[in-house]
Every structure is written in C-alpha cells, then in structure tokens.
$ cat upload.txt   # compact mmCIF, C-alpha atoms and all ligand atoms
# COMPACT_ATOMS: atom_id res chain seq x y z
CA MET A 1 -34.75 33.14 6.18
CA LYS A 2 -36.84 31.08 3.88
CA GLU A 3 -37.21 27.46 4.79
CA GLU A 4 -35.85 26.39 1.44
CA VAL A 5 -32.65 28.39 2.01
CA GLN A 6 -32.09 26.85 5.42
CA LEU A 7 -32.71 23.40 3.96
CA LEU A 8 -30.05 23.93 1.33
CA ILE A 9 -27.58 25.29 3.89
CA ASP A 10 -28.14 22.18 6.02
CA LEU A 11 -27.81 19.94 2.99
CA GLN A 12 -24.57 21.58 1.86
CA GLU A 13 -23.14 21.31 5.37
CA LEU A 14 -24.06 17.64 5.54
CA ASP A 15 -22.67 16.97 2.07
CA GLN A 16 -19.42 18.63 3.03
CA HIS A 17 -19.20 16.29 5.98
CA ILE A 18 -20.04 13.24 3.87
CA ILE A 19 -17.43 14.19 1.25
CA THR A 20 -14.78 14.76 3.92
CA GLY A 21 -15.58 11.33 5.39
CA ARG A 22 -15.28 9.61 2.02
CA LYS A 23 -12.01 11.38 1.23
CA ARG A 24 -10.66 10.34 4.61
CA GLN A 25 -11.65 6.74 3.86
CA ASP A 26 -9.86 6.88 0.49
CA LYS A 27 -6.76 8.19 2.21
CA LEU A 28 -6.89 5.46 4.87
CA ARG A 29 -7.36 2.73 2.28
CA ALA A 30 -4.40 4.06 0.32
CA GLU A 31 -2.30 4.02 3.49
CA GLN A 32 -3.35 0.45 4.21
CA LYS A 33 -2.38 -0.55 0.69
CA THR A 34 1.05 1.03 1.12
CA LEU A 35 1.56 -0.92 4.35
CA THR A 36 0.67 -4.17 2.62
CA ILE A 37 2.87 -3.46 -0.40
CA LYS A 38 5.87 -2.81 1.85
CA SER A 39 5.60 -6.14 3.67
CA VAL A 40 4.80 -8.09 0.50
CA LYS A 41 7.99 -6.68 -1.02
CA ILE A 42 10.09 -7.95 1.89
CA GLU A 43 8.25 -11.29 1.90
CA ASP A 44 9.12 -11.66 -1.79
CA MET A 45 12.79 -10.97 -1.04
CA ILE A 46 12.75 -13.59 1.74
CA ALA A 47 11.13 -16.13 -0.58
CA GLN A 48 13.80 -15.42 -3.18
CA LEU A 49 16.57 -15.90 -0.60
CA ASP A 50 14.93 -19.11 0.63
CA SER A 51 14.92 -20.56 -2.86
CA GLU A 52 18.59 -19.64 -3.32
CA ILE A 53 19.38 -21.32 0.00
CA ALA A 54 17.45 -24.44 -1.05
CA LEU A 55 19.40 -24.57 -4.30
CA ILE A 56 22.74 -24.38 -2.49
CA GLU A 57 21.61 -27.03 -0.03
CA GLN A 58 20.85 -29.30 -2.95
CA GLU A 59 24.26 -28.60 -4.48
CA ARG A 60 25.88 -29.32 -1.15
CA GLY A 61 24.09 -32.66 -0.96
CA GLU A 62 25.34 -33.59 -4.41
CA ILE A 63 28.91 -32.56 -3.62
CA ASN A 64 28.82 -34.56 -0.37
CA GLN A 65 27.71 -37.64 -2.26
CA SER A 66 30.57 -37.29 -4.74
CA LEU A 67 32.93 -36.76 -1.84
CA LEU A 68 31.84 -40.00 -0.13
CA LYS A 69 32.25 -41.82 -3.41
CA GLU A 70 35.79 -40.50 -3.91
CA GLN A 71 36.76 -41.30 -0.29
CA ASP A 72 35.46 -44.79 -0.84
CA ASN A 73 37.51 -45.02 -4.03
CA VAL A 74 40.68 -44.03 -2.20
CA GLU A 75 40.04 -46.60 0.53
CA LYS A 76 39.35 -49.36 -1.97
CA THR A 77 42.36 -48.44 -4.07
CA GLU A 78 44.67 -48.32 -1.08
CA ALA A 79 43.22 -51.62 0.24
CA ARG A 80 44.66 -53.27 -2.84
CA LEU A 81 48.22 -52.20 -1.90
CA PRO A 82 49.11 -55.32 0.20
CA GLU A 83 48.21 -57.59 -2.72
CA ILE A 84 50.40 -55.94 -5.33
CA LYS A 85 53.25 -57.84 -6.83
CA THR A 86 55.05 -55.48 -9.18
CA GLN A 87 56.44 -51.96 -9.09
CA LYS A 88 54.28 -51.13 -12.11
CA GLU A 89 51.14 -52.18 -10.31
CA TYR A 90 52.22 -50.21 -7.28
CA LEU A 91 52.73 -47.03 -9.31
CA ALA A 92 49.38 -47.48 -11.03
CA ILE A 93 47.60 -47.73 -7.70
CA LEU A 94 49.40 -44.71 -6.33
CA LYS A 95 48.44 -42.72 -9.39
CA GLU A 96 44.81 -43.79 -9.08
CA SER A 97 44.78 -42.83 -5.44
CA ASP A 98 46.39 -39.44 -6.21
CA VAL A 99 43.74 -38.64 -8.80
CA ALA A 100 41.01 -39.50 -6.30
CA LYS A 101 42.68 -37.43 -3.59
CA LYS A 102 42.93 -34.46 -5.93
CA GLN A 103 39.25 -34.91 -6.72
CA ILE A 104 38.47 -34.95 -3.01
CA LYS A 105 40.38 -31.72 -2.49
CA ASP A 106 38.43 -30.04 -5.33
CA LEU A 107 35.14 -31.26 -3.89
CA GLN A 108 36.08 -30.00 -0.43
CA ASP A 109 36.91 -26.60 -1.92
CA ALA A 110 33.57 -26.53 -3.70
CA LEU A 111 31.84 -27.45 -0.46
CA ALA A 112 33.63 -24.67 1.44
CA GLN A 113 32.57 -22.20 -1.25
CA ARG A 114 28.92 -23.29 -0.87
CA ASP A 115 29.17 -22.99 2.91
CA GLU A 116 30.39 -19.42 2.56
CA ALA A 117 27.62 -18.53 0.12
CA MET A 118 25.08 -20.21 2.38
CA ALA A 119 26.22 -18.26 5.45
CA ALA A 120 25.93 -14.97 3.53
CA LEU A 121 22.46 -15.85 2.29
CA GLN A 122 21.29 -16.92 5.71
CA GLU A 123 22.54 -13.70 7.23
CA ASP A 124 20.72 -11.72 4.54
CA CYS A 125 17.59 -13.73 5.13
CA GLN A 126 17.73 -13.14 8.87
CA GLU A 127 18.11 -9.39 8.36
CA LYS A 128 15.11 -9.31 6.05
CA GLN A 129 13.08 -11.36 8.51
CA GLN A 130 13.90 -8.89 11.28
CA GLU A 131 12.96 -6.01 9.01
CA LEU A 132 9.68 -7.73 8.27
CA ASP A 133 8.96 -8.39 11.95
CA THR A 134 9.62 -4.76 12.83
CA LEU A 135 7.49 -3.55 9.94
CA LYS A 136 4.68 -5.92 10.85
CA GLY A 137 4.84 -4.85 14.47
CA THR A 138 4.15 -1.25 13.54
CA SER A 139 1.96 -1.86 10.52
CA ASP A 140 -0.31 -4.35 12.28
CA SER A 141 -1.18 -1.87 14.99
CA ARG A 142 -1.57 0.92 12.45
CA SER A 143 -3.73 -1.36 10.35
CA ASP A 144 -5.98 -2.01 13.35
CA GLU A 145 -6.31 1.74 13.89
CA ILE A 146 -7.15 2.24 10.22
CA ASN A 147 -9.80 -0.51 10.28
CA GLN A 148 -11.36 1.00 13.38
CA GLU A 149 -11.47 4.47 11.83
CA LEU A 150 -12.84 3.10 8.55
CA SER A 151 -15.69 1.35 10.30
CA ASP A 152 -16.42 4.44 12.45
CA ILE A 153 -16.68 6.53 9.30
CA ASP A 154 -18.83 3.84 7.67
CA ALA A 155 -21.22 4.01 10.59
CA SER A 156 -21.45 7.82 10.41
CA LEU A 157 -21.90 7.70 6.65
CA VAL A 158 -24.86 5.36 7.00
CA ASP A 159 -26.50 7.85 9.38
CA GLU A 160 -25.59 10.82 7.24
CA ASP A 161 -26.82 9.24 4.02
CA THR A 162 -30.19 8.60 5.63
CA LYS A 163 -30.31 12.13 6.98
CA ARG A 164 -29.30 13.47 3.59
CA ALA A 165 -32.05 11.60 1.76
CA GLY A 166 -34.58 13.11 4.18
CA LEU A 167 -33.25 16.63 3.65
CA ALA A 168 -32.86 16.38 -0.10
CA ASP A 169 -36.44 15.14 -0.46
CA LYS A 170 -37.70 18.42 0.99
CA VAL A 171 -35.75 20.60 -1.46
CA PRO A 172 -37.82 21.65 -4.49
CA ALA A 173 -37.03 19.43 -7.45
CA ASP A 174 -35.62 22.09 -9.80
CA ILE A 175 -33.22 23.51 -7.21
CA ARG A 176 -32.25 20.05 -6.08
CA LYS A 177 -31.37 19.07 -9.61
CA ARG A 178 -29.10 22.11 -10.00
CA TYR A 179 -27.64 21.57 -6.57
CA GLU A 180 -26.74 17.93 -7.27
CA LEU A 181 -25.17 18.83 -10.60
CA LEU A 182 -23.12 21.67 -9.08
CA LEU A 183 -22.02 19.38 -6.28
CA ILE A 184 -20.33 17.19 -8.86
CA ARG A 185 -19.05 19.98 -11.09
CA ARG A 186 -17.86 22.29 -8.33
CA ASN A 187 -15.99 19.70 -6.29
CA GLY A 188 -18.56 19.31 -3.52
CA VAL A 189 -19.40 22.98 -3.04
CA ALA A 190 -22.71 23.77 -4.71
CA LEU A 191 -24.11 26.38 -2.34
CA VAL A 192 -22.17 29.34 -0.96
CA GLU A 193 -22.89 32.53 0.87
CA ALA A 194 -22.84 35.88 -0.87
CA ARG A 195 -21.08 37.89 1.79
CA LYS A 196 -20.52 41.63 1.62
CA GLY A 197 -21.19 41.57 -2.09
CA THR A 198 -18.77 38.73 -2.82
CA CYS A 199 -19.44 35.15 -3.89
CA MET A 200 -17.72 32.96 -1.30
CA GLY A 201 -17.33 30.24 -3.90
CA CYS A 202 -15.32 32.05 -6.56
CA ASN A 203 -14.47 35.24 -4.59
CA MET A 204 -15.77 37.45 -7.37
CA HIS A 205 -17.48 40.74 -6.52
CA LEU A 206 -21.09 40.45 -7.46
CA PRO A 207 -22.71 43.30 -9.39
CA PRO A 208 -24.10 45.70 -6.69
CA GLN A 209 -27.58 45.70 -8.18
CA PHE A 210 -27.64 41.94 -8.25
CA PHE A 211 -26.49 41.71 -4.63
CA ASN A 212 -28.97 44.33 -3.44
CA ALA A 213 -31.77 42.44 -5.11
CA MET A 214 -30.58 39.29 -3.33
CA LEU A 215 -30.70 41.05 0.04
CA LYS A 216 -34.25 42.07 -0.63
CA LYS A 217 -35.45 38.72 -1.93
CA GLN A 218 -33.60 36.59 0.63
CA SER A 219 -33.91 33.64 -1.69
CA ILE A 220 -31.61 31.35 -3.61
CA ASP A 221 -29.84 32.89 -6.59
CA THR A 222 -27.07 31.90 -8.97
CA CYS A 223 -23.57 33.38 -9.07
CA PRO A 224 -23.13 34.92 -12.52
CA TYR A 225 -19.45 33.88 -12.48
CA CYS A 226 -19.23 30.34 -11.08
CA ASN A 227 -22.89 29.33 -11.35
CA ARG A 228 -22.98 28.15 -7.75
CA LEU A 229 -26.17 28.63 -5.79
CA LEU A 230 -25.99 31.73 -3.61
CA TYR A 231 -27.74 32.76 -0.44
CA VAL A 232 -27.45 35.77 1.84
CA MET A 233 -27.56 35.77 5.61
CA PRO A 234 -30.43 37.98 6.70
CA TYR A 235 -30.20 41.03 8.98
CA THR A 236 -26.47 41.17 9.41
CA GLY A 237 -26.15 44.70 8.10
CA GLN A 238 -24.55 43.74 4.80
ZN ZN A 301 -19.21 32.55 -7.72
$ encode --input "upload.txt" --output "structure tokens"
Amino acid sequence: MKEEVQLLIDLQELDQHIITGRKRQDKLRAEQKTLTIKSVKIEDMIAQLDSEIALIEQERGEINQSLLKEQDNVEKTEARLPEIKTQKEYLAILKESDVAKKQIKDLQDALAQRDEAMAALQEDCQEKQQELDTLKGTSDSRSDEINQELSDIDASLVDEDTKRAGLADKVPADIRKRYELLLIRRNGVALVEARKGTCMGCNMHLPPQFFNAMLKKQSIDTCPYCNRLLYVMPYTGQ
C-alpha cells in the first residue's frame, strides 16, 4: 500500500476518535447542565416559599402587636369600673370592653389562620429541601464523575491533536485540502474503503471498470456518488 494511503487511513482513524471524544464531551456537558437546572429549579421554589413564610411572619408580628394593644385596652377599660358612678357610665364601659373583646377574638382568628398557612408552607419547604438534598447527593457524585471524564478526554484530545497535526502535515496538500473539506461535509467520514466493489461511505456499487482500475492503481480515488476519498485494501482477493 502506498504510504500516502496508509497516512490517510491513520488520519481518518484518528479523526474518528477525536470526533467521538468531542461528541462525548458535548453530551457530558449537556448532562451536567441538566443536573444544574434541576437543582436550581428546586432552589428557586425554596426561595419562593421562604419569602412567603417571611411575609406571613411579618403579618403575624403585626397582628400580635394589635392584639397586645387591644388586651391593654380591655384592661384599662375594665380598670375604670370601680370608679364609675352611674349606670350610663357603666354601660358605656361595658360596651367599650365588648368591642375590644370582639376585636381580640377577630385578631386571634386571624393569627390562627396565619399559623395554619405557616405550617403548610413550612412542610412544603421541608419537602423541597429534602428533595434538593437527595438530588444533590446523587448529582454531586455524578458531577464529579463527569468532570473526571471531561478532563480525561481533554488530556487525550491534546495528545491526539498533536498527533493529528504531525500526520496531516505529511499528507500531500491537495489531498489534505479535499480530505479536510469532506470531513466537515460528510460528518467526519472523509475517507472510506471501497470493498468488494462498493463504497463503504454511501454503500453504492461502484462501476466495475472504475473499481478494477482502483485495484490496479492502489491509490486514493474519489467515489463518483458521495465524493468521499476511496482506497482499496491490497491483496485481499477482491
Ligand atoms: Zn460513496
């Protein structure tokens, strides 16, 4: 086999490996992104619940203040009872105290309602936090695996890129140019074998005369159907 043919075979093999490595990296990065998105989504939900809880806590504080004020009012009103002189005064104080007591009851109801809402929110928040912890437990270890694999591939790619540059430099310029172009246009497969009269790239049967000439020449040719570079393996009885 001509040296140039072997060079191209080696180059194509190496390129296939490089492309597979890059695709694998893309897939791993996408997986990592999905892991992050999932936990960010739960973190957002927790933040939302936290702000709702904070709001209710604030409301509770305000209600409690009003409650203290009303309780104080009742005490002060009722403290005036021993000093009253007339029935009219007495009734007025009772009325005042009743209004305040009614107000207290309403405030206590409002407080109970907030407590209920708060308990529900806290339960929700706890569930989400557990979900997040579980997710993080699995995704952190998966993320470590992904990072390790990514850096392993990076290391191989550095080696392979160097090796590739060395190989590609030895390929004659015109063929190299066609090869590089086909690599892009034909999805990473620029060079294929013509085996038993068939192009292994597009699976078309090559014209017999064309294939016979290839067997004789043992050099690089071009598939008339898919334009890929073709080679034949020598002495295999094809
Ligand atoms: Zn073809």
$ closest_atom_pairs --input "upload.txt" --of "chain A" --to "ligand ZN 301 (chain A)" --cutoff "7 Å" --atoms "all atoms listed in the file" --output "JSON lines"
{"residue": "A:Cys199", "atom": "CA", "partner": "A:ZN301", "partner_atom": "ZN", "distance": 4.6}
{"residue": "A:Met200", "atom": "CA", "partner": "A:ZN301", "partner_atom": "ZN", "distance": 6.6}
{"residue": "A:Gly201", "atom": "CA", "partner": "A:ZN301", "partner_atom": "ZN", "distance": 4.8}
{"residue": "A:Cys202", "atom": "CA", "partner": "A:ZN301", "partner_atom": "ZN", "distance": 4.1}
{"residue": "A:Asn203", "atom": "CA", "partner": "A:ZN301", "partner_atom": "ZN", "distance": 6.3}
{"residue": "A:Met204", "atom": "CA", "partner": "A:ZN301", "partner_atom": "ZN", "distance": 6.0}
{"residue": "A:Cys223", "atom": "CA", "partner": "A:ZN301", "partner_atom": "ZN", "distance": 4.6}
{"residue": "A:Pro224", "atom": "CA", "partner": "A:ZN301", "partner_atom": "ZN", "distance": 6.6}
{"residue": "A:Tyr225", "atom": "CA", "partner": "A:ZN301", "partner_atom": "ZN", "distance": 4.9}
{"residue": "A:Cys226", "atom": "CA", "partner": "A:ZN301", "partner_atom": "ZN", "distance": 4.0}
{"residue": "A:Asn227", "atom": "CA", "partner": "A:ZN301", "partner_atom": "ZN", "distance": 6.1}
{"residue": "A:Arg228", "atom": "CA", "partner": "A:ZN301", "partner_atom": "ZN", "distance": 5.8}
$ closest_residue --input "upload.txt" --among "A:Asn64, A:Thr134, A:Asn212, A:Thr162" --to "Leu11 in chain A" --atoms "all atoms listed in the file"
A:Thr162
$ residues_around --input "upload.txt" --residues "range 176-193 of chain A" --least-positions-apart "5" --cutoff "9 Å" --atoms "only C-alpha atoms" --output "PyMOL selection string"
chain A and resi 8-9+12+15-16+19+168-169+171+198-201+226-233
$ atom_distance --input "upload.txt" --atom1 "CA of Gly21 in chain A" --atom2 "CA of Ala165 in chain A"
16.9 Å
$ residues_near_point --input "upload.txt" --point "(12.4, -13.3, 8.9)" --cutoff "12 Å" --atoms "all atoms listed in the file" --output "NGL selection string"
:A and (39 or 42-47 or 49-50 or 122-136)
$ closest_residue --input "upload.txt" --among "A:Glu96, A:Glu145, A:Glu52, A:Asp115" --to "Arg29 in chain A" --atoms "all atoms listed in the file"
A:Glu145
$ residues_around --input "upload.txt" --residues "Asn73 in chain A" --least-positions-apart "5" --cutoff "12 Å" --atoms "all atoms listed in the file" --output "NGL selection string"
:A and (66-68 or 78-80 or 93 or 96-101 or 103-104)
$ atom_distance --input "upload.txt" --atom1 "CA of Ser151 in chain A" --atom2 "CA of Gln25 in chain A"
9.3 Å
$ closest_residue --input "upload.txt" --among "A:Glu116, A:Glu149, A:Asp159, A:Asp221" --to "Leu14 in chain A" --atoms "all atoms listed in the file"
A:Asp159
$ residues_around --input "upload.txt" --residues "Pro207 in chain A" --least-positions-apart "3" --cutoff "8 Å" --atoms "all atoms listed in the file" --output "short mmCIF file (atom, residue, chain, number, x, y, z; two decimals) with C-alpha atoms, in the frame of the given file"
data_model
loop_
_atom_site.label_atom_id
_atom_site.label_comp_id
_atom_site.auth_asym_id
_atom_site.auth_seq_id
_atom_site.Cartn_x
_atom_site.Cartn_y
_atom_site.Cartn_z
CA GLY A 197 -21.19 41.57 -2.09
CA PHE A 210 -27.64 41.94 -8.25
CA PHE A 211 -26.49 41.71 -4.63
#
$ atom_distance --input "upload.txt" --atom1 "CA of Met118 in chain A" --atom2 "CA of Glu70 in chain A"
23.8 Å
$ decode --input "upload.txt" --residues "range 57-185 of chain A" --atoms "C-alpha atoms" --output "PDB file, in the first residue's frame"
ATOM      1  CA  GLU A  57     -44.173  36.055  59.861  1.00  0.00           C
ATOM      2  CA  GLN A  58     -44.364  39.791  59.335  1.00  0.00           C
ATOM      3  CA  GLU A  59     -48.159  39.668  59.277  1.00  0.00           C
ATOM      4  CA  ARG A  60     -48.135  37.617  62.445  1.00  0.00           C
ATOM      5  CA  GLY A  61     -45.944  40.202  64.141  1.00  0.00           C
ATOM      6  CA  GLU A  62     -48.357  42.961  63.173  1.00  0.00           C
ATOM      7  CA  ILE A  63     -51.388  41.000  64.355  1.00  0.00           C
ATOM      8  CA  ASN A  64     -49.663  40.242  67.676  1.00  0.00           C
ATOM      9  CA  GLN A  65     -48.985  43.924  68.208  1.00  0.00           C
ATOM     10  CA  SER A  66     -52.635  44.799  67.591  1.00  0.00           C
ATOM     11  CA  LEU A  67     -53.634  42.003  69.924  1.00  0.00           C
ATOM     12  CA  LEU A  68     -51.461  43.367  72.758  1.00  0.00           C
ATOM     13  CA  LYS A  69     -52.916  46.795  72.179  1.00  0.00           C
ATOM     14  CA  GLU A  70     -56.498  45.512  72.363  1.00  0.00           C
ATOM     15  CA  GLN A  71     -55.751  43.442  75.501  1.00  0.00           C
ATOM     16  CA  ASP A  72     -54.285  46.546  77.055  1.00  0.00           C
ATOM     17  CA  ASN A  73     -57.417  48.471  76.074  1.00  0.00           C
ATOM     18  CA  VAL A  74     -59.657  45.921  77.767  1.00  0.00           C
ATOM     19  CA  GLU A  75     -57.569  46.022  80.939  1.00  0.00           C
ATOM     20  CA  LYS A  76     -57.566  49.802  81.042  1.00  0.00           C
ATOM     21  CA  THR A  77     -61.281  49.991  80.324  1.00  0.00           C
ATOM     22  CA  GLU A  78     -62.135  47.438  82.973  1.00  0.00           C
ATOM     23  CA  ALA A  79     -59.792  49.169  85.472  1.00  0.00           C
ATOM     24  CA  ARG A  80     -62.108  52.148  85.301  1.00  0.00           C
ATOM     25  CA  LEU A  81     -65.075  50.066  86.544  1.00  0.00           C
ATOM     26  CA  PRO A  82     -64.537  50.688  90.319  1.00  0.00           C
ATOM     27  CA  GLU A  83     -64.600  54.447  89.744  1.00  0.00           C
ATOM     28  CA  ILE A  84     -67.898  54.618  87.889  1.00  0.00           C
ATOM     29  CA  LYS A  85     -70.797  56.432  89.411  1.00  0.00           C
ATOM     30  CA  THR A  86     -73.733  55.987  87.062  1.00  0.00           C
ATOM     31  CA  GLN A  87     -75.477  53.155  85.251  1.00  0.00           C
ATOM     32  CA  LYS A  88     -74.913  55.027  81.985  1.00  0.00           C
ATOM     33  CA  GLU A  89     -71.186  55.167  82.563  1.00  0.00           C
ATOM     34  CA  TYR A  90     -71.193  51.506  83.482  1.00  0.00           C
ATOM     35  CA  LEU A  91     -72.973  50.516  80.261  1.00  0.00           C
ATOM     36  CA  ALA A  92     -70.612  52.654  78.201  1.00  0.00           C
ATOM     37  CA  ILE A  93     -67.588  50.921  79.694  1.00  0.00           C
ATOM     38  CA  LEU A  94     -69.096  47.504  79.164  1.00  0.00           C
ATOM     39  CA  LYS A  95     -69.797  48.344  75.550  1.00  0.00           C
ATOM     40  CA  GLU A  96     -66.248  49.593  75.043  1.00  0.00           C
ATOM     41  CA  SER A  97     -64.861  46.459  76.587  1.00  0.00           C
ATOM     42  CA  ASP A  98     -67.125  44.251  74.426  1.00  0.00           C
ATOM     43  CA  VAL A  99     -65.939  45.952  71.254  1.00  0.00           C
ATOM     44  CA  ALA A 100     -62.326  45.399  72.282  1.00  0.00           C
ATOM     45  CA  LYS A 101     -63.011  41.770  73.172  1.00  0.00           C
ATOM     46  CA  LYS A 102     -64.654  41.196  69.808  1.00  0.00           C
ATOM     47  CA  GLN A 103     -61.608  42.766  68.182  1.00  0.00           C
ATOM     48  CA  ILE A 104     -59.363  40.431  70.160  1.00  0.00           C
ATOM     49  CA  LYS A 105     -61.351  37.418  69.009  1.00  0.00           C
ATOM     50  CA  ASP A 106     -61.025  38.521  65.352  1.00  0.00           C
ATOM     51  CA  LEU A 107     -57.286  39.049  65.766  1.00  0.00           C
ATOM     52  CA  GLN A 108     -56.889  35.641  67.382  1.00  0.00           C
ATOM     53  CA  ASP A 109     -58.757  34.064  64.467  1.00  0.00           C
ATOM     54  CA  ALA A 110     -56.510  35.866  62.008  1.00  0.00           C
ATOM     55  CA  LEU A 111     -53.475  34.666  63.928  1.00  0.00           C
ATOM     56  CA  ALA A 112     -54.710  31.055  63.887  1.00  0.00           C
ATOM     57  CA  GLN A 113     -55.241  31.321  60.133  1.00  0.00           C
ATOM     58  CA  ARG A 114     -51.648  32.548  59.668  1.00  0.00           C
ATOM     59  CA  ASP A 115     -50.351  29.731  61.864  1.00  0.00           C
ATOM     60  CA  GLU A 116     -52.123  27.195  59.686  1.00  0.00           C
ATOM     61  CA  ALA A 117     -50.778  28.749  56.490  1.00  0.00           C
ATOM     62  CA  MET A 118     -47.311  28.911  58.012  1.00  0.00           C
ATOM     63  CA  ALA A 119     -47.353  25.225  58.990  1.00  0.00           C
ATOM     64  CA  ALA A 120     -48.385  24.240  55.450  1.00  0.00           C
ATOM     65  CA  LEU A 121     -45.648  26.377  53.922  1.00  0.00           C
ATOM     66  CA  GLN A 122     -43.020  25.051  56.287  1.00  0.00           C
ATOM     67  CA  GLU A 123     -43.998  21.490  55.494  1.00  0.00           C
ATOM     68  CA  ASP A 124     -43.776  22.259  51.774  1.00  0.00           C
ATOM     69  CA  CYS A 125     -40.416  23.887  52.271  1.00  0.00           C
ATOM     70  CA  GLN A 126     -39.079  20.913  54.203  1.00  0.00           C
ATOM     71  CA  GLU A 127     -40.189  18.522  51.464  1.00  0.00           C
ATOM     72  CA  LYS A 128     -38.473  20.606  48.812  1.00  0.00           C
ATOM     73  CA  GLN A 129     -35.326  20.794  50.917  1.00  0.00           C
ATOM     74  CA  GLN A 130     -35.274  17.005  51.234  1.00  0.00           C
ATOM     75  CA  GLU A 131     -35.806  16.675  47.501  1.00  0.00           C
ATOM     76  CA  LEU A 132     -32.913  19.037  46.929  1.00  0.00           C
ATOM     77  CA  ASP A 133     -30.643  17.158  49.343  1.00  0.00           C
ATOM     78  CA  THR A 134     -31.410  13.855  47.641  1.00  0.00           C
ATOM     79  CA  LEU A 135     -30.873  15.358  44.210  1.00  0.00           C
ATOM     80  CA  LYS A 136     -27.620  16.975  45.287  1.00  0.00           C
ATOM     81  CA  GLY A 137     -26.430  13.735  46.815  1.00  0.00           C
ATOM     82  CA  THR A 138     -26.731  11.934  43.504  1.00  0.00           C
ATOM     83  CA  SER A 139     -25.924  14.837  41.215  1.00  0.00           C
ATOM     84  CA  ASP A 140     -22.784  15.860  43.100  1.00  0.00           C
ATOM     85  CA  SER A 141     -21.255  12.426  42.705  1.00  0.00           C
ATOM     86  CA  ARG A 142     -22.380  12.239  39.081  1.00  0.00           C
ATOM     87  CA  SER A 143     -20.962  15.698  38.515  1.00  0.00           C
ATOM     88  CA  ASP A 144     -17.599  14.573  39.900  1.00  0.00           C
ATOM     89  CA  GLU A 145     -17.642  11.604  37.517  1.00  0.00           C
ATOM     90  CA  ILE A 146     -18.480  13.892  34.613  1.00  0.00           C
ATOM     91  CA  ASN A 147     -15.666  16.317  35.485  1.00  0.00           C
ATOM     92  CA  GLN A 148     -13.210  13.451  35.717  1.00  0.00           C
ATOM     93  CA  GLU A 149     -14.269  12.057  32.350  1.00  0.00           C
ATOM     94  CA  LEU A 150     -14.196  15.503  30.751  1.00  0.00           C
ATOM     95  CA  SER A 151     -10.652  16.116  31.892  1.00  0.00           C
ATOM     96  CA  ASP A 152      -9.571  12.613  30.794  1.00  0.00           C
ATOM     97  CA  ILE A 153     -10.948  13.304  27.330  1.00  0.00           C
ATOM     98  CA  ASP A 154      -9.296  16.743  27.339  1.00  0.00           C
ATOM     99  CA  ALA A 155      -5.963  15.107  28.052  1.00  0.00           C
ATOM    100  CA  SER A 156      -6.403  12.565  25.230  1.00  0.00           C
ATOM    101  CA  LEU A 157      -7.543  15.280  22.850  1.00  0.00           C
ATOM    102  CA  VAL A 158      -4.388  17.281  23.497  1.00  0.00           C
ATOM    103  CA  ASP A 159      -2.295  14.218  22.592  1.00  0.00           C
ATOM    104  CA  GLU A 160      -4.446  13.380  19.601  1.00  0.00           C
ATOM    105  CA  ASP A 161      -4.444  16.916  18.247  1.00  0.00           C
ATOM    106  CA  THR A 162      -0.647  16.933  18.328  1.00  0.00           C
ATOM    107  CA  LYS A 163      -0.517  13.539  16.680  1.00  0.00           C
ATOM    108  CA  ARG A 164      -3.029  14.680  14.091  1.00  0.00           C
ATOM    109  CA  ALA A 165      -1.032  17.781  13.174  1.00  0.00           C
ATOM    110  CA  GLY A 166       2.014  15.556  12.605  1.00  0.00           C
ATOM    111  CA  LEU A 167       0.076  13.158  10.391  1.00  0.00           C
ATOM    112  CA  ALA A 168      -1.795  15.798   8.436  1.00  0.00           C
ATOM    113  CA  ASP A 169       1.460  17.613   7.647  1.00  0.00           C
ATOM    114  CA  LYS A 170       2.696  14.549   5.779  1.00  0.00           C
ATOM    115  CA  VAL A 171      -0.399  14.278   3.563  1.00  0.00           C
ATOM    116  CA  PRO A 172       0.052  15.975   0.173  1.00  0.00           C
ATOM    117  CA  ALA A 173      -1.555  19.400   0.211  1.00  0.00           C
ATOM    118  CA  ASP A 174      -4.189  18.827  -2.492  1.00  0.00           C
ATOM    119  CA  ILE A 175      -5.482  15.607  -0.942  1.00  0.00           C
ATOM    120  CA  ARG A 176      -5.363  17.111   2.514  1.00  0.00           C
ATOM    121  CA  LYS A 177      -7.477  20.027   1.383  1.00  0.00           C
ATOM    122  CA  ARG A 178     -10.125  17.689  -0.051  1.00  0.00           C
ATOM    123  CA  TYR A 179      -9.935  15.466   2.988  1.00  0.00           C
ATOM    124  CA  GLU A 180     -10.492  18.361   5.423  1.00  0.00           C
ATOM    125  CA  LEU A 181     -13.418  19.661   3.395  1.00  0.00           C
ATOM    126  CA  LEU A 182     -15.050  16.223   3.183  1.00  0.00           C
ATOM    127  CA  LEU A 183     -14.532  15.740   6.899  1.00  0.00           C
ATOM    128  CA  ILE A 184     -16.795  18.715   7.502  1.00  0.00           C
ATOM    129  CA  ARG A 185     -19.286  17.991   4.731  1.00  0.00           C
TER     130      ARG A 185
END
